[in-house]
file start18.txt (compact mmCIF, C-alpha atoms)
# COMPACT_ATOMS: atom_id res chain seq x y z
CA MET A 1440 3.65 6.30 -1.29
CA ALA A 1441 0.58 8.44 -0.67
CA PHE A 1442 -1.75 5.49 -1.27
CA ASP A 1443 0.26 2.75 0.43
CA HIS A 1444 -1.61 0.84 3.14
CA SER A 1445 1.06 -1.73 3.96
CA GLY A 1446 2.80 0.38 6.59
CA HIS A 1447 5.15 2.05 4.09
CA GLY A 1448 3.19 5.21 3.37
CA PHE A 1449 4.54 8.73 3.58
CA ASP A 1450 3.71 8.83 7.29
CA HIS A 1451 6.41 6.16 7.70
CA ILE A 1452 8.86 8.30 5.73
CA GLU A 1453 8.10 11.33 7.90
CA ARG A 1454 8.71 9.37 11.10
CA VAL A 1455 12.00 7.96 9.76
CA VAL A 1456 13.14 11.45 8.73
CA ASN A 1457 12.20 12.89 12.12
CA MET A 1458 13.96 10.09 13.99
CA THR A 1459 17.02 10.50 11.77
CA GLY A 1460 17.14 14.14 12.82
CA LYS A 1461 16.81 13.15 16.46
CA LEU A 1462 19.65 10.62 16.20
CA LEU A 1463 21.85 13.11 14.34
CA ALA A 1464 21.74 15.36 17.40
CA SER A 1465 23.95 12.89 19.27
CA GLU A 1466 25.76 11.07 16.45
CA PRO A 1467 28.65 12.37 14.30
CA ALA A 1468 27.30 11.83 10.79
CA ASN A 1469 26.64 13.63 7.50
CA GLY A 1470 23.23 15.18 8.11
CA GLU A 1471 22.42 16.03 4.49
CA VAL A 1472 23.23 12.53 3.24
CA ALA A 1473 21.40 10.92 6.17
CA LEU A 1474 18.21 12.96 5.74
CA THR A 1475 18.25 12.48 1.97
CA ALA A 1476 18.58 8.71 2.36
CA ALA A 1477 15.82 8.75 5.00
CA TYR A 1478 13.43 10.49 2.62
CA LEU A 1479 14.26 8.19 -0.31
CA HIS A 1480 14.93 4.84 1.37
CA ASP A 1481 11.73 3.11 0.19
CA VAL A 1482 11.34 4.70 -3.26
CA PHE A 1483 12.79 1.67 -5.09
CA ASP A 1484 12.31 -0.95 -2.37
CA GLU A 1485 11.53 -4.38 -3.84
CA LYS A 1486 8.48 -4.74 -1.58
CA LEU A 1487 6.90 -1.63 -3.07
CA CYS A 1488 8.29 -1.19 -6.57
CA ASP A 1489 8.03 -3.38 -9.68
CA HIS A 1490 10.54 -1.42 -11.77
CA ARG A 1491 13.41 -0.89 -9.37
CA ALA A 1492 16.11 0.01 -11.90
CA GLU A 1493 13.93 2.73 -13.43
CA LYS A 1494 13.02 4.19 -10.03
CA ARG A 1495 16.64 4.06 -8.92
CA GLN A 1496 17.66 6.04 -12.01
CA GLU A 1497 14.89 8.55 -11.31
CA VAL A 1498 16.37 9.08 -7.85
CA ILE A 1499 19.84 9.61 -9.32
CA ASN A 1500 18.48 12.08 -11.87
CA CYS A 1501 16.59 14.03 -9.21
CA LEU A 1502 19.61 14.26 -6.95
CA GLN A 1503 21.75 15.44 -9.88
CA ASP A 1504 19.12 18.06 -10.73
CA PHE A 1505 19.22 19.27 -7.12
CA GLY A 1506 22.99 19.71 -7.38
CA TYR A 1507 24.18 16.78 -5.27
CA HIS A 1508 27.84 15.89 -5.76
CA PRO A 1509 28.47 12.42 -7.31
CA GLU A 1510 30.10 11.26 -4.07
CA GLU A 1511 27.04 12.31 -2.07
CA ILE A 1512 24.76 10.44 -4.47
CA LYS A 1513 26.97 7.37 -4.13
CA GLN A 1514 26.71 7.58 -0.32
CA VAL A 1515 22.91 7.97 -0.41
CA LEU A 1516 22.51 4.96 -2.71
CA GLU A 1517 24.89 2.82 -0.66
CA ILE A 1518 22.83 3.49 2.44
CA ILE A 1519 19.56 2.66 0.69
CA ASP A 1520 21.00 -0.48 -0.92
CA HIS A 1521 22.17 -1.94 2.40
CA LEU A 1522 19.51 -0.67 4.80
CA SER A 1523 17.05 -3.53 4.90
CA PHE A 1524 16.93 -6.44 7.32
CA ALA A 1525 16.39 -8.95 4.49
CA ASP A 1526 19.56 -7.88 2.69
CA SER A 1527 21.67 -8.58 5.79
CA LEU A 1528 20.35 -12.10 6.41
CA GLU A 1529 22.99 -13.83 4.29
CA GLN A 1530 25.78 -11.26 4.24
CA HIS A 1531 26.27 -8.39 6.65
CA HIS A 1532 27.29 -5.07 5.10
CA GLN A 1533 29.01 -2.60 7.38
CA LEU A 1534 27.25 0.71 6.93
CA SER A 1535 28.97 4.04 7.45
CA LYS A 1536 28.12 5.96 10.62
CA THR A 1537 25.71 8.01 8.52
CA GLY A 1538 24.10 4.84 7.20
CA GLN A 1539 23.82 3.40 10.70
CA VAL A 1540 21.83 6.46 11.80
CA VAL A 1541 19.33 6.01 8.95
CA GLN A 1542 19.11 2.26 9.51
CA ASP A 1543 18.37 2.79 13.20
CA ALA A 1544 15.67 5.35 12.38
CA ASP A 1545 14.02 2.99 9.91
CA ARG A 1546 14.22 0.01 12.25
CA LEU A 1547 12.86 1.98 15.20
CA ASP A 1548 9.73 2.62 13.15
CA SER A 1549 9.30 -1.15 12.71
CA ILE A 1550 9.12 -1.81 16.46
CA GLY A 1551 7.03 -0.60 19.38
CA ALA A 1552 3.35 0.37 19.17
CA ILE A 1553 3.57 1.70 15.63
CA GLY A 1554 5.64 -1.32 14.67
CA VAL A 1555 2.83 -3.59 15.88
CA ALA A 1556 0.28 -1.64 13.83
CA ARG A 1557 2.48 -1.61 10.72
CA THR A 1558 3.14 -5.34 11.01
CA PHE A 1559 -0.56 -6.21 11.01
CA ALA A 1560 -1.26 -3.70 8.23
CA TYR A 1561 1.43 -5.31 6.06
CA GLY A 1562 0.16 -8.80 6.85
CA ALA A 1563 -3.39 -7.84 5.94
CA VAL A 1564 -2.40 -6.24 2.62
CA HIS A 1565 -0.36 -9.34 1.69
CA GLY A 1566 -2.91 -11.91 2.84
CA ALA A 1567 -0.96 -13.35 5.77
CA ALA A 1568 -2.82 -15.15 8.54
CA MET A 1569 -2.58 -13.36 11.88
CA TYR A 1570 -1.45 -16.47 13.76
CA ASP A 1571 -1.28 -20.24 13.54
CA PRO A 1572 0.05 -22.05 16.62
CA LYS A 1573 0.99 -24.98 14.37
CA LEU A 1574 3.45 -22.83 12.42
CA PRO A 1575 6.48 -22.04 14.59
CA PRO A 1576 8.76 -19.10 13.75
CA ARG A 1577 11.45 -19.92 11.21
CA ARG A 1578 15.16 -19.74 12.06
CA GLN A 1579 18.32 -19.03 10.02
CA LEU A 1580 16.42 -17.64 7.05
CA THR A 1581 17.80 -16.83 3.63
CA LYS A 1582 16.49 -13.69 1.93
CA ALA A 1583 14.29 -15.79 -0.38
CA GLU A 1584 12.84 -17.73 2.55
CA TYR A 1585 12.24 -14.54 4.51
CA ARG A 1586 10.19 -13.09 1.64
CA ASN A 1587 7.86 -16.12 1.68
CA ASN A 1588 4.76 -15.32 3.68
CA THR A 1589 4.42 -16.62 7.19
CA THR A 1590 1.97 -15.61 9.90
CA THR A 1591 1.98 -12.02 11.06
CA LEU A 1592 2.77 -13.01 14.64
CA ASN A 1593 5.80 -15.03 13.51
CA HIS A 1594 7.22 -11.81 12.05
CA PHE A 1595 7.88 -10.60 15.61
CA TYR A 1596 10.23 -13.55 16.19
CA GLU A 1597 11.72 -13.65 12.70
CA LYS A 1598 12.55 -9.95 12.51
CA LEU A 1599 11.21 -7.43 15.01
CA PHE A 1600 12.64 -8.84 18.26
CA LEU A 1601 15.96 -9.32 16.44
CA VAL A 1602 16.29 -5.79 15.05
CA ALA A 1603 15.40 -4.38 18.46
CA ASP A 1604 18.70 -5.89 19.64
CA GLN A 1605 20.69 -4.79 16.59
CA MET A 1606 20.59 -1.00 16.85
CA ASN A 1607 23.83 0.76 15.99
CA THR A 1608 23.66 3.99 18.00
CA LYS A 1609 23.35 4.44 21.76
CA THR A 1610 20.25 6.59 21.49
CA ALA A 1611 18.51 4.01 19.31
CA GLN A 1612 19.54 1.20 21.65
CA GLN A 1613 17.86 2.99 24.55
CA LEU A 1614 14.67 3.66 22.58
CA ALA A 1615 14.57 0.09 21.30
CA LYS A 1616 14.56 -1.45 24.78
CA ARG A 1617 11.24 0.11 25.69
CA ARG A 1618 9.71 -0.63 22.31
CA LYS A 1619 10.83 -4.27 22.42
CA SER A 1620 9.34 -4.67 25.90
CA LEU A 1621 6.02 -3.33 24.62
CA MET A 1622 6.05 -5.81 21.73
CA GLU A 1623 6.88 -8.72 24.02
CA THR A 1624 3.95 -7.82 26.26
CA PHE A 1625 1.66 -7.56 23.24
CA VAL A 1626 2.69 -10.95 21.83
CA GLN A 1627 2.25 -12.63 25.21
CA GLU A 1628 -1.22 -11.13 25.63
CA PHE A 1629 -2.14 -11.98 22.02
CA LYS A 1630 -1.23 -15.64 22.52
CA ALA A 1631 -3.03 -15.79 25.87
CA GLU A 1632 -6.20 -14.38 24.38
CA TRP A 1633 -5.92 -16.61 21.30
CA SER A 1634 -5.73 -19.73 23.44
CA GLY A 1635 -8.50 -18.54 25.76
CA GLN A 1636 -6.26 -18.15 28.81
CA THR A 1637 -7.40 -14.55 29.44

call {"tool": "encode", "arguments": {"input": "start18.txt", "output": "structure tokens"}}
result
Amino acid sequence: MAFDHSGHGFDHIERVVNMTGKLLASEPANGEVALTAAYLHDVFDEKLCDHRAEKRQEVINCLQDFGYHPEEIKQVLEIIDHLSFADSLEQHHQLSKTGQVVQDADRLDSIGAIGVARTFAYGAVHGAAMYDPKLPPRRQLTKAEYRNNTTTLNHFYEKLFLVADQMNTKTAQQLAKRRKSLMETFVQEFKAEWSGQT
């Protein structure tokens, strides 16, 4: 991930790990499993990896080499497999408390000021237009539809505002309120400037 410029570089991993640690301070969860999943959650993500099965096996092998118990490895993989927003569009998977902590940490990094920056970085890398007033945000998306490119600004309506309201832990819910408010202000100002109102 050292050379990723889509918002999923190692700086993202470090922030998710740090936020996981912060959430663990107030949430009863398995810290070792949570932090391990936080470090590894994007290693075989479909957005970033062409050979997911091979990368997944590499992760398993590494964890075995480090002496992780099979049950711990199973828990880490279950968290990673069910962490993403796209995977929950058609069928919700109830994560463990430990998984909820990691999911909140990952989702918090997708919203707020850094979330805005990451969203435009991802859009630029994947060739998405910043905005088109003629293309309204999509509703009730399937995973396949969600993966089809839309405008970068539509991503705020199709994902970011939604995940800000879907945090699992109380601490994350409190942090998300401020970050969502910042994004709403940004989108309003963006549209006003785009249309020449300000």

call {"tool": "residues_around", "arguments": {"input": "start18.txt", "residues": "Ala1583 (chain A)", "least_positions_apart": "3", "cutoff": "12 Å", "atoms": "only C-alpha atoms", "output": "list in words"}}
result
Ala1525, Asp1526, Leu1528, Glu1529, Gln1579, Leu1580, Arg1586, Asn1587 and Asn1588 of chain A

call {"tool": "write_last_selection", "arguments": {"input": "start18.txt", "atoms": "C-alpha atoms", "output": "mmCIF file, keeping the file's coordinate frame"}}
result
data_model
loop_
_atom_site.group_PDB
_atom_site.id
_atom_site.type_symbol
_atom_site.label_atom_id
_atom_site.label_comp_id
_atom_site.auth_asym_id
_atom_site.auth_seq_id
_atom_site.Cartn_x
_atom_site.Cartn_y
_atom_site.Cartn_z
ATOM 1 C CA ALA A 1525 16.390 -8.950 4.490
ATOM 2 C CA ASP A 1526 19.560 -7.880 2.690
ATOM 3 C CA LEU A 1528 20.350 -12.100 6.410
ATOM 4 C CA GLU A 1529 22.990 -13.830 4.290
ATOM 5 C CA GLN A 1579 18.320 -19.030 10.020
ATOM 6 C CA LEU A 1580 16.420 -17.640 7.050
ATOM 7 C CA ARG A 1586 10.190 -13.090 1.640
ATOM 8 C CA ASN A 1587 7.860 -16.120 1.680
ATOM 9 C CA ASN A 1588 4.760 -15.320 3.680
#

call {"tool": "atom_distance", "arguments": {"input": "start18.txt", "atom1": "CA of Pro1509 (chain A)", "atom2": "CA of Val1472 (chain A)"}}
result
11.8 Å

call {"tool": "closest_residue", "arguments": {"input": "start18.txt", "among": "A:Glu1632, A:Asp1543, A:Asp1484, A:Asp1489", "to": "Lys1461 (chain A)", "atoms": "all atoms listed in the file"}}
result
A:Asp1543

call {"tool": "closest_residue", "arguments": {"input": "start18.txt", "among": "A:Ala1603, A:Leu1614, A:Leu1592, A:Leu1534", "to": "Ala1468 (chain A)", "atoms": "only C-alpha atoms"}}
result
A:Leu1534

call {"tool": "atom_distance", "arguments": {"input": "start18.txt", "atom1": "CA of Glu1497 (chain A)", "atom2": "CA of Thr1537 (chain A)"}}
result
22.6 Å

call {"tool": "axis_aligned_box", "arguments": {"input": "start18.txt", "around": "region 1557-1563 of chain A", "padding_each_side": "8 Å", "output": "lines of an AutoDock Vina configuration file"}}
result
center_x = -0.1
center_y = -5.2
center_z = 8.5
size_x = 22.5
size_y = 23.2
size_z = 21.1

call {"tool": "residues_around", "arguments": {"input": "start18.txt", "residues": "Pro1572 (chain A)", "least_positions_apart": "6", "cutoff": "12 Å", "atoms": "only C-alpha atoms", "output": "PyMOL selection string"}}
result
chain A and resi 1589-1593+1629-1631+1633-1634

call {"tool": "residues_around", "arguments": {"input": "start18.txt", "residues": "Met1622 (chain A)", "least_positions_apart": "3", "cutoff": "9 Å", "atoms": "only C-alpha atoms", "output": "list in words"}}
result
Ile1550, Gly1551, Ala1552, Gly1554, Val1555, Phe1595, Leu1599, Phe1600, Arg1617, Arg1618, Lys1619, Phe1625, Val1626 and Gln1627 of chain A

call {"tool": "atom_distance", "arguments": {"input": "start18.txt", "atom1": "CA of Val1456 (chain A)", "atom2": "CA of Ala1473 (chain A)"}}
result
8.7 Å

call {"tool": "residues_near_point", "arguments": {"input": "start18.txt", "point": "(14.1, 11.3, 13.9)", "cutoff": "10 Å", "atoms": "all atoms listed in the file", "output": "list of chain:residue names"}}
result
A:Glu1453, A:Arg1454, A:Val1455, A:Val1456, A:Asn1457, A:Met1458, A:Thr1459, A:Gly1460, A:Lys1461, A:Leu1462, A:Leu1463, A:Ala1464, A:Leu1474, A:Ala1477, A:Val1540, A:Val1541, A:Asp1543, A:Ala1544, A:Asp1545, A:Leu1547, A:Asp1548

call {"tool": "closest_residue", "arguments": {"input": "start18.txt", "among": "A:Pro1467, A:Gly1635, A:Gly1562, A:Pro1576", "to": "Gln1539 (chain A)", "atoms": "all atoms listed in the file"}}
result
A:Pro1467

call {"tool": "closest_residue", "arguments": {"input": "start18.txt", "among": "A:Asp1443, A:Arg1495, A:Asp1450, A:Pro1575", "to": "Ile1553 (chain A)", "atoms": "only C-alpha atoms"}}
result
A:Asp1450

call {"tool": "residues_around", "arguments": {"input": "start18.txt", "residues": "Arg1578 (chain A)", "least_positions_apart": "3", "cutoff": "12 Å", "atoms": "all atoms listed in the file", "output": "PyMOL selection string"}}
result
chain A and resi 1528+1575+1581-1582+1584-1585+1593-1594+1596-1598+1601

call {"tool": "residues_around", "arguments": {"input": "start18.txt", "residues": "Ser1445 (chain A)", "least_positions_apart": "6", "cutoff": "8 Å", "atoms": "all atoms listed in the file", "output": "PyMOL selection string"}}
result
chain A and resi 1557+1560-1564

call {"tool": "residues_near_point", "arguments": {"input": "start18.txt", "point": "(16.8, 11.6, -6.4)", "cutoff": "12 Å", "atoms": "all atoms listed in the file", "output": "PyMOL selection string"}}
result
chain A and resi 1472+1475-1483+1493-1509+1511-1513+1515-1516+1519

call {"tool": "build_atoms", "arguments": {"input": "start18.txt", "residues": "region 1446-1472 of chain A", "atoms": "N, CA, C and O atoms", "output": "PDB file, in the frame of the given file"}}
result
ATOM      1  N   GLY A1446       1.890  -0.093   5.541  1.00  0.00           N
ATOM      2  CA  GLY A1446       2.800   0.380   6.590  1.00  0.00           C
ATOM      3  C   GLY A1446       4.005   1.110   6.036  1.00  0.00           C
ATOM      4  O   GLY A1446       4.922   1.455   6.782  1.00  0.00           O
ATOM      5  N   HIS A1447       4.023   1.358   4.713  1.00  0.00           N
ATOM      6  CA  HIS A1447       5.150   2.050   4.090  1.00  0.00           C
ATOM      7  C   HIS A1447       4.700   3.337   3.399  1.00  0.00           C
ATOM      8  O   HIS A1447       5.280   3.760   2.400  1.00  0.00           O
ATOM      9  N   GLY A1448       3.660   3.957   3.919  1.00  0.00           N
ATOM     10  CA  GLY A1448       3.190   5.210   3.370  1.00  0.00           C
ATOM     11  C   GLY A1448       4.088   6.368   3.742  1.00  0.00           C
ATOM     12  O   GLY A1448       5.111   6.202   4.422  1.00  0.00           O
ATOM     13  N   PHE A1449       3.691   7.567   3.318  1.00  0.00           N
ATOM     14  CA  PHE A1449       4.540   8.730   3.580  1.00  0.00           C
ATOM     15  C   PHE A1449       4.617   9.065   5.066  1.00  0.00           C
ATOM     16  O   PHE A1449       5.587   9.679   5.511  1.00  0.00           O
ATOM     17  N   ASP A1450       3.620   8.632   5.841  1.00  0.00           N
ATOM     18  CA  ASP A1450       3.710   8.830   7.290  1.00  0.00           C
ATOM     19  C   ASP A1450       4.920   8.090   7.858  1.00  0.00           C
ATOM     20  O   ASP A1450       5.593   8.584   8.767  1.00  0.00           O
ATOM     21  N   HIS A1451       5.212   6.910   7.292  1.00  0.00           N
ATOM     22  CA  HIS A1451       6.410   6.160   7.700  1.00  0.00           C
ATOM     23  C   HIS A1451       7.671   6.952   7.358  1.00  0.00           C
ATOM     24  O   HIS A1451       8.580   7.074   8.185  1.00  0.00           O
ATOM     25  N   ILE A1452       7.697   7.507   6.150  1.00  0.00           N
ATOM     26  CA  ILE A1452       8.860   8.300   5.730  1.00  0.00           C
ATOM     27  C   ILE A1452       9.071   9.478   6.673  1.00  0.00           C
ATOM     28  O   ILE A1452      10.193   9.746   7.117  1.00  0.00           O
ATOM     29  N   GLU A1453       7.989  10.169   7.008  1.00  0.00           N
ATOM     30  CA  GLU A1453       8.100  11.330   7.900  1.00  0.00           C
ATOM     31  C   GLU A1453       8.653  10.935   9.262  1.00  0.00           C
ATOM     32  O   GLU A1453       9.487  11.647   9.833  1.00  0.00           O
ATOM     33  N   ARG A1454       8.201   9.807   9.788  1.00  0.00           N
ATOM     34  CA  ARG A1454       8.710   9.370  11.100  1.00  0.00           C
ATOM     35  C   ARG A1454      10.184   8.996  11.020  1.00  0.00           C
ATOM     36  O   ARG A1454      10.970   9.301  11.925  1.00  0.00           O
ATOM     37  N   VAL A1455      10.591   8.337   9.925  1.00  0.00           N
ATOM     38  CA  VAL A1455      12.000   7.960   9.760  1.00  0.00           C
ATOM     39  C   VAL A1455      12.865   9.217   9.631  1.00  0.00           C
ATOM     40  O   VAL A1455      13.948   9.303  10.226  1.00  0.00           O
ATOM     41  N   VAL A1456      12.398  10.191   8.879  1.00  0.00           N
ATOM     42  CA  VAL A1456      13.140  11.450   8.730  1.00  0.00           C
ATOM     43  C   VAL A1456      13.266  12.153  10.083  1.00  0.00           C
ATOM     44  O   VAL A1456      14.353  12.617  10.467  1.00  0.00           O
ATOM     45  N   ASN A1457      12.171  12.229  10.812  1.00  0.00           N
ATOM     46  CA  ASN A1457      12.200  12.890  12.120  1.00  0.00           C
ATOM     47  C   ASN A1457      13.122  12.181  13.097  1.00  0.00           C
ATOM     48  O   ASN A1457      13.873  12.817  13.847  1.00  0.00           O
ATOM     49  N   MET A1458      13.086  10.840  13.091  1.00  0.00           N
ATOM     50  CA  MET A1458      13.960  10.090  13.990  1.00  0.00           C
ATOM     51  C   MET A1458      15.415  10.216  13.551  1.00  0.00           C
ATOM     52  O   MET A1458      16.319  10.297  14.400  1.00  0.00           O
ATOM     53  N   THR A1459      15.656  10.277  12.254  1.00  0.00           N
ATOM     54  CA  THR A1459      17.020  10.500  11.770  1.00  0.00           C
ATOM     55  C   THR A1459      17.552  11.819  12.318  1.00  0.00           C
ATOM     56  O   THR A1459      18.685  11.899  12.798  1.00  0.00           O
ATOM     57  N   GLY A1460      16.731  12.851  12.271  1.00  0.00           N
ATOM     58  CA  GLY A1460      17.140  14.140  12.820  1.00  0.00           C
ATOM     59  C   GLY A1460      17.417  14.060  14.302  1.00  0.00           C
ATOM     60  O   GLY A1460      18.381  14.664  14.799  1.00  0.00           O
ATOM     61  N   LYS A1461      16.606  13.310  15.021  1.00  0.00           N
ATOM     62  CA  LYS A1461      16.810  13.150  16.460  1.00  0.00           C
ATOM     63  C   LYS A1461      18.129  12.426  16.741  1.00  0.00           C
ATOM     64  O   LYS A1461      18.898  12.833  17.622  1.00  0.00           O
ATOM     65  N   LEU A1462      18.410  11.377  15.993  1.00  0.00           N
ATOM     66  CA  LEU A1462      19.650  10.620  16.200  1.00  0.00           C
ATOM     67  C   LEU A1462      20.875  11.446  15.806  1.00  0.00           C
ATOM     68  O   LEU A1462      21.941  11.323  16.416  1.00  0.00           O
ATOM     69  N   LEU A1463      20.721  12.275  14.783  1.00  0.00           N
ATOM     70  CA  LEU A1463      21.850  13.110  14.340  1.00  0.00           C
ATOM     71  C   LEU A1463      22.299  14.085  15.425  1.00  0.00           C
ATOM     72  O   LEU A1463      23.452  14.516  15.438  1.00  0.00           O
ATOM     73  N   ALA A1464      21.390  14.415  16.333  1.00  0.00           N
ATOM     74  CA  ALA A1464      21.740  15.360  17.400  1.00  0.00           C
ATOM     75  C   ALA A1464      22.818  14.811  18.322  1.00  0.00           C
ATOM     76  O   ALA A1464      23.524  15.579  18.975  1.00  0.00           O
ATOM     77  N   SER A1465      22.953  13.488  18.364  1.00  0.00           N
ATOM     78  CA  SER A1465      23.950  12.890  19.270  1.00  0.00           C
ATOM     79  C   SER A1465      24.948  11.994  18.545  1.00  0.00           C
ATOM     80  O   SER A1465      25.774  11.346  19.184  1.00  0.00           O
ATOM     81  N   GLU A1466      24.860  11.938  17.208  1.00  0.00           N
ATOM     82  CA  GLU A1466      25.760  11.070  16.450  1.00  0.00           C
ATOM     83  C   GLU A1466      26.536  11.876  15.405  1.00  0.00           C
ATOM     84  O   GLU A1466      25.940  12.672  14.678  1.00  0.00           O
ATOM     85  N   PRO A1467      27.864  11.677  15.319  1.00  0.00           N
ATOM     86  CA  PRO A1467      28.650  12.370  14.300  1.00  0.00           C
ATOM     87  C   PRO A1467      28.427  11.728  12.938  1.00  0.00           C
ATOM     88  O   PRO A1467      28.903  10.626  12.663  1.00  0.00           O
ATOM     89  N   ALA A1468      27.632  12.383  12.097  1.00  0.00           N
ATOM     90  CA  ALA A1468      27.300  11.830  10.790  1.00  0.00           C
ATOM     91  C   ALA A1468      26.998  12.970   9.829  1.00  0.00           C
ATOM     92  O   ALA A1468      26.813  14.115  10.237  1.00  0.00           O
ATOM     93  N   ASN A1469      26.941  12.649   8.543  1.00  0.00           N
ATOM     94  CA  ASN A1469      26.640  13.630   7.500  1.00  0.00           C
ATOM     95  C   ASN A1469      25.129  13.835   7.454  1.00  0.00           C
ATOM     96  O   ASN A1469      24.389  12.992   6.946  1.00  0.00           O
ATOM     97  N   GLY A1470      24.668  14.936   7.988  1.00  0.00           N
ATOM     98  CA  GLY A1470      23.230  15.180   8.110  1.00  0.00           C
ATOM     99  C   GLY A1470      22.510  15.247   6.780  1.00  0.00           C
ATOM    100  O   GLY A1470      21.413  14.703   6.636  1.00  0.00           O
ATOM    101  N   GLU A1471      23.097  15.906   5.784  1.00  0.00           N
ATOM    102  CA  GLU A1471      22.420  16.030   4.490  1.00  0.00           C
ATOM    103  C   GLU A1471      22.254  14.680   3.821  1.00  0.00           C
ATOM    104  O   GLU A1471      21.178  14.343   3.304  1.00  0.00           O
ATOM    105  N   VAL A1472      23.303  13.873   3.846  1.00  0.00           N
ATOM    106  CA  VAL A1472      23.230  12.530   3.240  1.00  0.00           C
ATOM    107  C   VAL A1472      22.246  11.667   4.013  1.00  0.00           C
ATOM    108  O   VAL A1472      21.430  10.949   3.426  1.00  0.00           O
TER     109      VAL A1472
END
